[in-house]
file data_36.pdb (PDB, C-alpha atoms)
ATOM      1  CA  MET A   1      99.221  75.870  64.391
ATOM      2  CA  LEU A   2      97.016  78.863  65.237
ATOM      3  CA  PRO A   3      96.330  79.375  68.959
ATOM      4  CA  GLN A   4      93.065  77.874  70.175
ATOM      5  CA  LEU A   5      90.444  79.822  72.068
ATOM      6  CA  SER A   6      89.994  78.309  75.548
ATOM      7  CA  ILE A   7      86.326  77.897  76.427
ATOM      8  CA  GLY A   8      85.074  76.979  79.894
ATOM      9  CA  ILE A   9      81.619  75.367  79.894
ATOM     10  CA  PHE A  10      79.542  75.197  83.061
ATOM     11  CA  VAL A  11      75.979  74.354  82.069
ATOM     12  CA  ARG A  12      73.903  71.961  84.162
ATOM     13  CA  ALA A  13      71.395  71.125  81.403
ATOM     14  CA  GLU A  14      72.931  68.037  79.796
ATOM     15  CA  GLU A  15      71.251  68.596  76.431
ATOM     16  CA  ILE A  16      72.657  72.133  76.089
ATOM     17  CA  THR A  17      76.079  70.993  77.265
ATOM     18  CA  ALA A  18      76.201  68.146  74.753
ATOM     19  CA  SER A  19      75.064  70.457  71.952
ATOM     20  CA  ALA A  20      77.659  73.124  72.806
ATOM     21  CA  ILE A  21      80.489  70.590  72.991
ATOM     22  CA  GLU A  22      79.476  69.085  69.676
ATOM     23  CA  LEU A  23      79.216  72.469  67.937
ATOM     24  CA  LEU A  24      82.541  73.713  69.324
ATOM     25  CA  ARG A  25      84.478  70.525  68.753
ATOM     26  CA  GLY A  26      87.422  71.107  66.432
ATOM     27  CA  GLU A  27      90.780  72.828  66.071
ATOM     28  CA  ARG A  28      89.564  76.340  66.860
ATOM     29  CA  TYR A  29      88.563  75.698  70.480
ATOM     30  CA  ALA A  30      90.046  73.996  73.533
ATOM     31  CA  LEU A  31      87.098  73.009  75.721
ATOM     32  CA  THR A  32      87.015  72.565  79.500
ATOM     33  CA  HIS A  33      83.752  71.144  80.835
ATOM     34  CA  MET A  34      83.168  71.848  84.519
ATOM     35  CA  LYS A  35      80.385  70.085  86.418
ATOM     36  CA  SER A  36      80.130  72.219  89.553
ATOM     37  CA  ALA A  37      80.601  75.798  90.744
ATOM     38  CA  VAL A  38      83.332  74.581  93.101
ATOM     39  CA  GLU A  39      85.203  73.033  90.182
ATOM     40  CA  LEU A  40      84.858  76.229  88.141
ATOM     41  CA  LEU A  41      86.096  78.483  90.952
ATOM     42  CA  GLY A  42      88.971  76.117  91.672
ATOM     43  CA  PHE A  43      89.940  76.065  88.009
ATOM     44  CA  LEU A  44      89.916  79.871  87.717
ATOM     45  CA  LYS A  45      91.943  80.201  90.904
ATOM     46  CA  HIS A  46      94.878  78.437  89.269
ATOM     47  CA  ASN A  47      94.245  79.198  85.589
ATOM     48  CA  TYR A  48      93.772  82.696  84.202
ATOM     49  CA  HIS A  49      93.864  81.711  80.564
ATOM     50  CA  LEU A  50      90.226  80.988  79.775
ATOM     51  CA  ASP A  51      89.081  83.104  76.834
ATOM     52  CA  CYS A  52      85.323  82.743  77.333
ATOM     53  CA  LEU A  53      82.815  81.262  79.777
ATOM     54  CA  VAL A  54      79.622  79.498  78.698
ATOM     55  CA  LEU A  55      77.018  79.534  81.485
ATOM     56  CA  GLU A  56      73.259  79.242  81.955
ATOM     57  CA  VAL A  57      70.663  81.118  83.961
ATOM     58  CA  ASP A  58      69.730  79.075  87.030
ATOM     59  CA  GLY A  59      69.160  79.602  90.733
ATOM     60  CA  ASP A  60      72.879  79.706  91.546
ATOM     61  CA  LEU A  61      74.092  81.921  88.687
ATOM     62  CA  ARG A  62      74.087  85.235  90.555
ATOM     63  CA  SER A  63      75.848  83.678  93.531
ATOM     64  CA  LEU A  64      78.553  82.216  91.292
ATOM     65  CA  LEU A  65      79.052  85.403  89.294
ATOM     66  CA  GLY A  66      79.065  87.416  92.513
ATOM     67  CA  LYS A  67      82.064  85.387  93.684
ATOM     68  CA  LEU A  68      83.866  86.059  90.387
ATOM     69  CA  GLN A  69      83.133  89.771  90.711
ATOM     70  CA  GLU A  70      84.424  89.813  94.293
ATOM     71  CA  ARG A  71      87.698  88.318  93.030
ATOM     72  CA  SER A  72      87.792  90.816  90.113
ATOM     73  CA  ILE A  73      87.736  87.888  87.663
ATOM     74  CA  PHE A  74      86.157  89.123  84.451
ATOM     75  CA  LEU A  75      85.980  87.071  81.270
ATOM     76  CA  PRO A  76      83.959  87.116  78.052
ATOM     77  CA  ALA A  77      80.742  85.232  78.726
ATOM     78  CA  VAL A  78      77.860  83.646  76.839
ATOM     79  CA  ILE A  79      74.887  83.040  79.121
ATOM     80  CA  PHE A  80      72.035  80.785  78.032
ATOM     81  CA  SER A  81      68.657  81.966  79.275
ATOM     82  CA  PRO A  82      65.061  80.864  78.644
ATOM     83  CA  HIS A  83      64.457  84.216  76.945
ATOM     84  CA  SER A  84      67.346  86.152  75.433
ATOM     85  CA  GLN A  85      67.701  89.759  76.575
ATOM     86  CA  ASP A  86      70.239  90.602  73.887
ATOM     87  CA  CYS A  87      69.125  93.949  72.498
ATOM     88  CA  ARG A  88      71.959  94.507  70.046
ATOM     89  CA  PRO A  89      70.961  94.359  66.353
ATOM     90  CA  GLU A  90      71.772  91.007  64.797
ATOM     91  CA  ALA A  91      72.704  92.548  61.463
ATOM     92  CA  ALA A  92      75.674  94.239  63.078
ATOM     93  CA  TYR A  93      77.411  90.884  63.461
ATOM     94  CA  SER A  94      76.872  89.528  59.961
ATOM     95  CA  ASN A  95      80.348  90.494  58.785
ATOM     96  CA  GLY A  96      82.294  88.493  61.367
ATOM     97  CA  PHE A  97      84.535  89.342  64.269
ATOM     98  CA  GLU A  98      85.684  92.810  63.181
ATOM     99  CA  ALA A  99      82.105  93.960  62.606
ATOM    100  CA  ALA A 100      81.141  92.710  66.034
ATOM    101  CA  ALA A 101      84.062  94.550  67.592
ATOM    102  CA  SER A 102      83.051  97.786  65.892
ATOM    103  CA  THR A 103      79.460  97.585  67.038
ATOM    104  CA  ALA A 104      80.499  96.589  70.557
ATOM    105  CA  ASN A 105      82.141  99.995  70.965
ATOM    106  CA  LYS A 106      78.734 101.567  71.656
ATOM    107  CA  SER A 107      78.012 103.195  74.995
ATOM    108  CA  GLN A 108      77.507 100.653  77.737
ATOM    109  CA  ASP A 109      74.428 102.591  78.813
ATOM    110  CA  GLU A 110      72.702 101.034  75.783
ATOM    111  CA  SER A 111      73.288  97.520  77.103
ATOM    112  CA  CYS A 112      70.475  95.395  78.543
ATOM    113  CA  ALA A 113      70.376  94.288  82.167
ATOM    114  CA  PHE A 114      73.283  91.971  82.840
ATOM    115  CA  PHE A 115      74.212  89.188  85.251
ATOM    116  CA  TYR A 116      78.036  89.387  85.113
ATOM    117  CA  HIS A 117      79.188  92.488  83.246
ATOM    118  CA  PRO A 118      77.855  94.756  80.456
ATOM    119  CA  ALA A 119      79.766  92.912  77.713
ATOM    120  CA  GLU A 120      78.168  89.497  78.258
ATOM    121  CA  VAL A 121      76.069  87.897  75.518
ATOM    122  CA  GLN A 122      72.730  86.450  76.581
ATOM    123  CA  LEU A 123      71.580  83.755  74.186
ATOM    124  CA  ALA A 124      68.138  82.147  74.213
ATOM    125  CA  ILE A 125      68.254  78.382  74.757
ATOM    126  CA  ALA A 126      66.243  78.004  71.551
ATOM    127  CA  ARG A 127      69.192  79.548  69.695
ATOM    128  CA  SER A 128      71.898  77.368  71.244
ATOM    129  CA  SER A 129      73.089  76.403  67.758
ATOM    130  CA  GLU A 130      74.485  79.960  67.477
ATOM    131  CA  ILE A 131      77.003  79.368  70.271
ATOM    132  CA  ALA A 132      80.091  79.952  68.087
ATOM    133  CA  ASP A 133      78.761  83.305  66.900
ATOM    134  CA  GLY A 134      77.850  84.139  70.496
ATOM    135  CA  ILE A 135      81.431  83.491  71.605
ATOM    136  CA  ASP A 136      82.800  85.802  68.896
ATOM    137  CA  ARG A 137      80.380  88.503  69.946
ATOM    138  CA  ALA A 138      81.180  88.052  73.636
ATOM    139  CA  ILE A 139      84.913  88.381  73.002
ATOM    140  CA  ALA A 140      84.462  91.413  70.743
ATOM    141  CA  GLN A 141      82.285  93.181  73.292
ATOM    142  CA  PHE A 142      84.626  92.249  76.141
ATOM    143  CA  LEU A 143      87.616  93.796  74.378
ATOM    144  CA  LYS A 144      85.710  97.073  74.162
ATOM    145  CA  LEU A 145      84.581  96.973  77.803
ATOM    146  CA  SER A 146      85.916 100.075  79.525
ATOM    147  CA  THR A 147      84.962  99.123  83.075
ATOM    148  CA  PRO A 148      83.494  95.974  84.660
ATOM    149  CA  VAL A 149      80.521  98.012  85.920
ATOM    150  CA  PRO A 150      79.317 101.065  83.956
ATOM    151  CA  VAL A 151      79.234 104.443  85.670
ATOM    152  CA  ASN A 152      75.452 104.503  86.063
ATOM    153  CA  TYR A 153      75.604 101.233  88.051
ATOM    154  CA  GLN A 154      78.368 102.397  90.362
ATOM    155  CA  SER A 155      77.569 103.580  93.853
ATOM    156  CA  VAL A 156      79.335 106.675  95.121
ATOM    157  CA  THR A 157      80.337 104.580  98.113
ATOM    158  CA  VAL A 158      82.275 102.051  96.033
ATOM    159  CA  ASP A 159      85.932 102.041  97.033
ATOM    160  CA  ALA A 160      87.947 103.798  94.321
ATOM    161  CA  THR A 161      91.036 101.671  94.940
ATOM    162  CA  ALA A 162      88.933  98.516  94.481
ATOM    163  CA  GLN A 163      87.571  99.931  91.218
ATOM    164  CA  LEU A 164      91.074 100.677  89.957
ATOM    165  CA  THR A 165      92.254  97.193  90.924
ATOM    166  CA  ALA A 166      89.342  95.626  89.033
ATOM    167  CA  GLN A 167      90.065  97.891  86.053
ATOM    168  CA  SER A 168      93.713  96.874  86.114
ATOM    169  CA  LEU A 169      92.918  93.155  86.138
ATOM    170  CA  LEU A 170      90.320  93.638  83.388
ATOM    171  CA  SER A 171      92.819  95.380  81.109
ATOM    172  CA  ARG A 172      95.378  92.667  81.734
ATOM    173  CA  GLN A 173      92.891  89.998  80.649
ATOM    174  CA  GLN A 174      91.911  92.086  77.605
ATOM    175  CA  ARG A 175      95.550  92.449  76.584
ATOM    176  CA  ARG A 176      96.240  88.733  76.937
ATOM    177  CA  LEU A 177      93.193  87.871  74.869
ATOM    178  CA  ALA A 178      93.957  90.517  72.248
ATOM    179  CA  GLU A 179      97.480  89.164  71.806
ATOM    180  CA  LYS A 180      96.059  85.700  71.155
ATOM    181  CA  LEU A 181      93.587  87.114  68.641
ATOM    182  CA  ARG A 182      96.337  89.096  66.965
ATOM    183  CA  GLU A 183      98.177  85.845  66.322
ATOM    184  CA  ARG A 184      95.044  84.128  65.092
ATOM    185  CA  LEU A 185      93.162  86.885  63.271
ATOM    186  CA  GLY A 186      95.451  89.877  62.991
ATOM    187  CA  TYR A 187      92.986  91.678  65.271
ATOM    188  CA  LEU A 188      94.241  95.038  66.588
ATOM    189  CA  GLY A 189      91.083  96.603  67.984
ATOM    190  CA  VAL A 190      92.046  97.072  71.637
ATOM    191  CA  TYR A 191      91.394 100.546  73.027
ATOM    192  CA  TYR A 192      91.474 101.200  76.760
ATOM    193  CA  LYS A 193      88.874 103.685  77.978
ATOM    194  CA  ARG A 194      89.285 105.225  81.403
ATOM    195  CA  ASN A 195      86.809 106.526  83.943
ATOM    196  CA  SER A 196      87.821 110.058  84.935
ATOM    197  CA  GLN A 197      85.803 109.763  88.149
ATOM    198  CA  ILE A 198      88.524 107.529  89.590
ATOM    199  CA  PHE A 199      91.507 109.530  88.323
ATOM    200  CA  LEU A 200      93.948 110.263  91.137
ATOM    201  CA  ARG A 201      93.324 114.002  90.970
ATOM    202  CA  ASN A 202      89.565 113.472  91.409
ATOM    203  CA  LEU A 203      89.727 111.222  94.478
ATOM    204  CA  SER A 204      89.006 112.431  97.982
ATOM    205  CA  ALA A 205      92.015 113.019 100.220
ATOM    206  CA  THR A 206      91.361 109.734 102.035
ATOM    207  CA  GLU A 207      90.939 107.692  98.852
ATOM    208  CA  LYS A 208      93.996 109.345  97.321
ATOM    209  CA  GLN A 209      96.176 108.455 100.300
ATOM    210  CA  LYS A 210      94.898 104.867 100.323
ATOM    211  CA  PHE A 211      95.545 104.441  96.608
ATOM    212  CA  LEU A 212      99.045 105.931  96.739
ATOM    213  CA  GLU A 213      99.906 103.601  99.629
ATOM    214  CA  GLN A 214      98.826 100.627  97.514
ATOM    215  CA  LEU A 215     100.771 101.942  94.520
ATOM    216  CA  LYS A 216     103.887 102.417  96.657
ATOM    217  CA  SER A 217     103.519  98.923  98.126
ATOM    218  CA  SER A 218     103.228  97.486  94.628
ATOM    219  CA  TYR A 219     106.368  99.356  93.516
ATOM    220  CA  ARG A 220     108.273  98.213  96.615
ATOM    221  CA  ASP A 221     107.564  94.576  95.649
ATOM    222  CA  ILE A 222     108.930  95.265  92.167
ATOM    223  CA  VAL A 223     112.123  96.807  93.559
ATOM    224  CA  LEU A 224     112.698  93.928  95.967
ATOM    225  CA  ASN A 225     112.280  91.321  93.222
ATOM    226  CA  TYR A 226     113.712  93.209  90.257
ATOM    227  CA  PHE A 227     117.143  91.572  90.149
ATOM    228  CA  SER A 228     115.953  88.147  91.222
ATOM    229  CA  GLN A 229     115.334  85.240  88.871
ATOM    230  CA  ASP A 230     111.604  85.396  89.584
ATOM    231  CA  ALA A 231     109.780  85.793  86.252
ATOM    232  CA  ALA A 232     106.727  87.070  88.164
ATOM    233  CA  VAL A 233     108.330  90.518  88.365
ATOM    234  CA  ASN A 234     107.137  91.239  84.815
ATOM    235  CA  ASN A 235     103.568  90.625  85.940
ATOM    236  CA  GLN A 236     104.152  92.871  88.943
ATOM    237  CA  ILE A 237     105.309  95.680  86.651
ATOM    238  CA  ASP A 238     102.247  95.190  84.445
ATOM    239  CA  GLU A 239      99.929  95.376  87.454
ATOM    240  CA  PHE A 240     101.676  98.494  88.754
ATOM    241  CA  VAL A 241     101.509 100.237  85.380
ATOM    242  CA  ASN A 242      97.852  99.284  84.888
ATOM    243  CA  LEU A 243      96.947 100.800  88.258
ATOM    244  CA  ALA A 244      98.852 103.978  87.442
ATOM    245  CA  PHE A 245      97.370 104.203  83.945
ATOM    246  CA  PHE A 246      93.725 103.889  84.965
ATOM    247  CA  ALA A 247      94.207 106.391  87.792
ATOM    248  CA  ASP A 248      95.966 108.776  85.354
ATOM    249  CA  VAL A 249      98.948 108.995  87.686
ATOM    250  CA  PRO A 250     101.542 111.474  86.357
ATOM    251  CA  VAL A 251     105.080 110.217  85.750
ATOM    252  CA  THR A 252     106.357 112.730  88.297
ATOM    253  CA  GLN A 253     104.362 110.849  90.937
ATOM    254  CA  ILE A 254     106.029 107.586  89.890
ATOM    255  CA  VAL A 255     109.442 109.227  90.204
ATOM    256  CA  GLU A 256     108.454 110.569  93.635
ATOM    257  CA  ILE A 257     107.463 107.077  94.806
ATOM    258  CA  HIS A 258     110.778 105.714  93.540
ATOM    259  CA  MET A 259     112.802 108.398  95.339
ATOM    260  CA  GLU A 260     110.873 107.892  98.608
ATOM    261  CA  LEU A 261     111.657 104.171  98.507
ATOM    262  CA  MET A 262     115.319 104.795  97.711
ATOM    263  CA  ASP A 263     115.540 107.159 100.696
ATOM    264  CA  GLU A 264     113.991 104.498 102.955
ATOM    265  CA  PHE A 265     116.390 101.837 101.679
ATOM    266  CA  ALA A 266     119.364 104.210 102.043
ATOM    267  CA  LYS A 267     118.539 104.788 105.708
ATOM    268  CA  GLN A 268     118.286 101.044 106.299
ATOM    269  CA  LEU A 269     121.603 100.382 104.543
ATOM    270  CA  LYS A 270     123.245 103.124 106.632
ATOM    271  CA  ILE A 271     121.967 101.493 109.833
ATOM    272  CA  GLU A 272     123.408  98.163 108.635
ATOM    273  CA  GLY A 273     126.727  99.827 107.751
ATOM    274  CA  ARG A 274     126.422  98.936 104.059
ATOM    275  CA  SER A 275     127.166 101.031 100.973
ATOM    276  CA  GLU A 276     124.332 102.919  99.287
ATOM    277  CA  GLU A 277     125.879 102.541  95.824
ATOM    278  CA  ILE A 278     123.769  99.463  95.132
ATOM    279  CA  LEU A 279     120.717 101.721  94.996
ATOM    280  CA  LEU A 280     122.020 103.310  91.790
ATOM    281  CA  ASP A 281     121.237 100.047  89.986
ATOM    282  CA  TYR A 282     117.551 100.539  90.754
ATOM    283  CA  ARG A 283     117.407 103.417  88.307
ATOM    284  CA  LEU A 284     116.822 100.586  85.823
ATOM    285  CA  THR A 285     113.651  99.681  87.714
ATOM    286  CA  LEU A 286     112.300 103.210  87.305
ATOM    287  CA  ILE A 287     113.226 103.304  83.610
ATOM    288  CA  ASP A 288     111.543  99.928  83.080
ATOM    289  CA  ALA A 289     108.336 101.047  84.804
ATOM    290  CA  ILE A 290     108.178 104.280  82.791
ATOM    291  CA  ALA A 291     108.850 102.380  79.563
ATOM    292  CA  HIS A 292     105.951 100.037  80.351
ATOM    293  CA  MET A 293     103.743 103.033  81.027
ATOM    294  CA  CYS A 294     104.680 104.593  77.679
ATOM    295  CA  GLU A 295     103.749 101.317  75.961
ATOM    296  CA  MET A 296     100.409 101.282  77.795
ATOM    297  CA  TYR A 297      99.604 104.771  76.510
ATOM    298  CA  ARG A 298     100.684 103.783  73.000
ATOM    299  CA  ARG A 299      98.294 100.831  73.035
ATOM    300  CA  SER A 300      95.486 102.997  74.353
ATOM    301  CA  ILE A 301      95.355 105.015  71.122
ATOM    302  CA  PRO A 302      92.626 103.735  68.766
ATOM    303  CA  LYS A 303      93.995 102.063  65.655
ATOM    304  CA  GLU A 304      92.283 104.497  63.293
ATOM    305  CA  THR A 305      93.651 107.482  65.237
ATOM    306  CA  SER A 306      97.226 106.239  65.207
ATOM    307  CA  GLN A 307      97.018 105.556  61.459
ATOM    308  CA  GLY A 308      95.696 109.041  60.831
ATOM    309  CA  ARG A 309      98.761 110.556  62.488
ATOM    310  CA  MET A 310     101.237 108.605  60.395
TER     311      MET A 310
END
call {"tool": "encode", "arguments": {"input": "data_36.pdb", "output": "structure tokens"}}
result
Amino acid sequence: MLPQLSIGIFVRAEEITASAIELLRGERYALTHMKSAVELLGFLKHNYHLDCLVLEVDGDLRSLLGKLQERSIFLPAVIFSPHSQDCRPEAAYSNGFEAAASTANKSQDESCAFFYHPAEVQLAIARSSEIADGIDRAIAQFLKLSTPVPVNYQSVTVDATAQLTAQSLLSRQQRRLAEKLRERLGYLGVYYKRNSQIFLRNLSATEKQKFLEQLKSSYRDIVLNYFSQDAAVNNQIDEFVNLAFFADVPVTQIVEIHMELMDEFAKQLKIEGRSEEILLDYRLTLIDAIAHMCEMYRRSIPKETSQGRM
């Protein structure tokens, strides 16, 4: 059975909710209907596998979405509003999901004002019958989203480490969703765009130090858990590699972090009167991290570019 798309519905208007549930009922979607913002936030706290949110414009929408943004939780979203602000040409989506994905690769500067992120789809309530198409468009645009907030919306005072963390979590969600779509549709259109303004080499000395401390802390957690039975270590490696990728951290810097940690551990082992030979095993940790980084760069190459080189 093909994997279902998980849709979270939080719409207070009962008529719209009933219509959406009826239109989406079937084998393609797994629906979760939430009746309060508290329920939605609680659900997302323990479940990161929603593929799309369906929301509506009301007095509490910005507050709710602000809380998601603060937690760096970004998902495809269809937002019902009294008057749609969707300025993308309808004809671009007439050929299905792939066509939508292609069109969604336009500059985010062309997007209309948004509530949540530039890839959301705003759908007029009068067009609620188009919810399935809206979900396809929202997912396609989300997969092409290069940053949760486009450069022209970003303040120079925004913390670069926070931006990189949000970018890392966004790419992780995009990859998970793309893998599901690959199983269902054979879709391969994931291409990670990076913001050079938050590359490591372009950060201020203070921001650079702060980011490298976070990166080192993340790598230390990987080393400490690497030979345990905790399956979460794979997620830790993914998060570490995502941070390094979006900051364009050179591999030499990764090796330097590894060697600094090994030196710290060696000193501790010497104090405890234990052999340092165990540290040799952690060369596997470094190899694993670099291998993951190579895979991240491989996936970042557009499909058409990689085919042209073959």
call {"tool": "resolve_selection", "arguments": {"input": "data_36.pdb", "expression": "the PyMOL selection byres ((chain A and resi 51) around 9)", "output": "PyMOL selection string"}}
result
chain A and resi 5-8+48-50+52-53+75-77+139+173+177
call {"tool": "resolve_selection", "arguments": {"input": "data_36.pdb", "expression": "the PyMOL selection byres ((chain A and resi 255-263) around 10)", "output": "JSON, numbers by chain"}}
result
{"A": [212, 213, 215, 216, 217, 219, 220, 223, 250, 251, 252, 253, 254, 264, 265, 266, 267, 268, 269, 276, 279, 280, 282, 283, 285, 286, 287, 289, 290]}
call {"tool": "atom_distance", "arguments": {"input": "data_36.pdb", "atom1": "CA of Glu179 (chain A)", "atom2": "CA of Ala232 (chain A)"}}
result
18.9 Å
call {"tool": "closest_residue", "arguments": {"input": "data_36.pdb", "among": "A:Gln69, A:Ser168, A:Thr206, A:Ser36", "to": "Arg194 (chain A)", "atoms": "only C-alpha atoms"}}
result
A:Ser168
call {"tool": "atom_distance", "arguments": {"input": "data_36.pdb", "atom1": "CA of Lys210 (chain A)", "atom2": "CA of Ala291 (chain A)"}}
result
25.1 Å
call {"tool": "resolve_selection", "arguments": {"input": "data_36.pdb", "expression": "the PyMOL selection byres ((chain A and resi 237-243) around 10)", "output": "NGL selection string"}}
result
:A and (161 or 163-172 or 211 or 214-219 or 221-223 or 226 or 232-236 or 244-249 or 254 or 285 or 288-296)
call {"tool": "atom_distance", "arguments": {"input": "data_36.pdb", "atom1": "CA of Thr147 (chain A)", "atom2": "CA of Asn195 (chain A)"}}
result
7.7 Å
call {"tool": "residues_around", "arguments": {"input": "data_36.pdb", "residues": "Lys208 (chain A)", "least_positions_apart": "6", "cutoff": "9 Å", "atoms": "only C-alpha atoms", "output": "PDB file with C-alpha atoms, in the frame of the given file"}}
result
ATOM      1  CA  ALA A 160      87.947 103.798  94.321  1.00  0.00           C
ATOM      2  CA  THR A 161      91.036 101.671  94.940  1.00  0.00           C
ATOM      3  CA  LEU A 200      93.948 110.263  91.137  1.00  0.00           C
ATOM      4  CA  ARG A 201      93.324 114.002  90.970  1.00  0.00           C
ATOM      5  CA  ASN A 202      89.565 113.472  91.409  1.00  0.00           C
TER       6      ASN A 202
END
call {"tool": "closest_residue", "arguments": {"input": "data_36.pdb", "among": "A:His33, A:Ile278, A:Glu27, A:His117", "to": "Ser72 (chain A)", "atoms": "only C-alpha atoms"}}
result
A:His117
call {"tool": "closest_residue", "arguments": {"input": "data_36.pdb", "among": "A:Tyr29, A:Glu56, A:Lys45, A:Ser129", "to": "Glu14 (chain A)", "atoms": "only C-alpha atoms"}}
result
A:Glu56
call {"tool": "closest_residue", "arguments": {"input": "data_36.pdb", "among": "A:Arg71, A:Arg12, A:Lys180, A:Arg28", "to": "Gly59 (chain A)", "atoms": "all atoms listed in the file"}}
result
A:Arg12
call {"tool": "closest_residue", "arguments": {"input": "data_36.pdb", "among": "A:Val57, A:Leu23, A:Leu40, A:Val121", "to": "Ala140 (chain A)", "atoms": "all atoms listed in the file"}}
result
A:Val121
call {"tool": "axis_aligned_box", "arguments": {"input": "data_36.pdb", "around": "region 251-260 of chain A", "padding_each_side": "4 Å", "output": "lines of an AutoDock Vina configuration file"}}
result
center_x = 108.6
center_y = 109.2
center_z = 92.2
size_x = 16.4
size_y = 15.0
size_z = 20.9
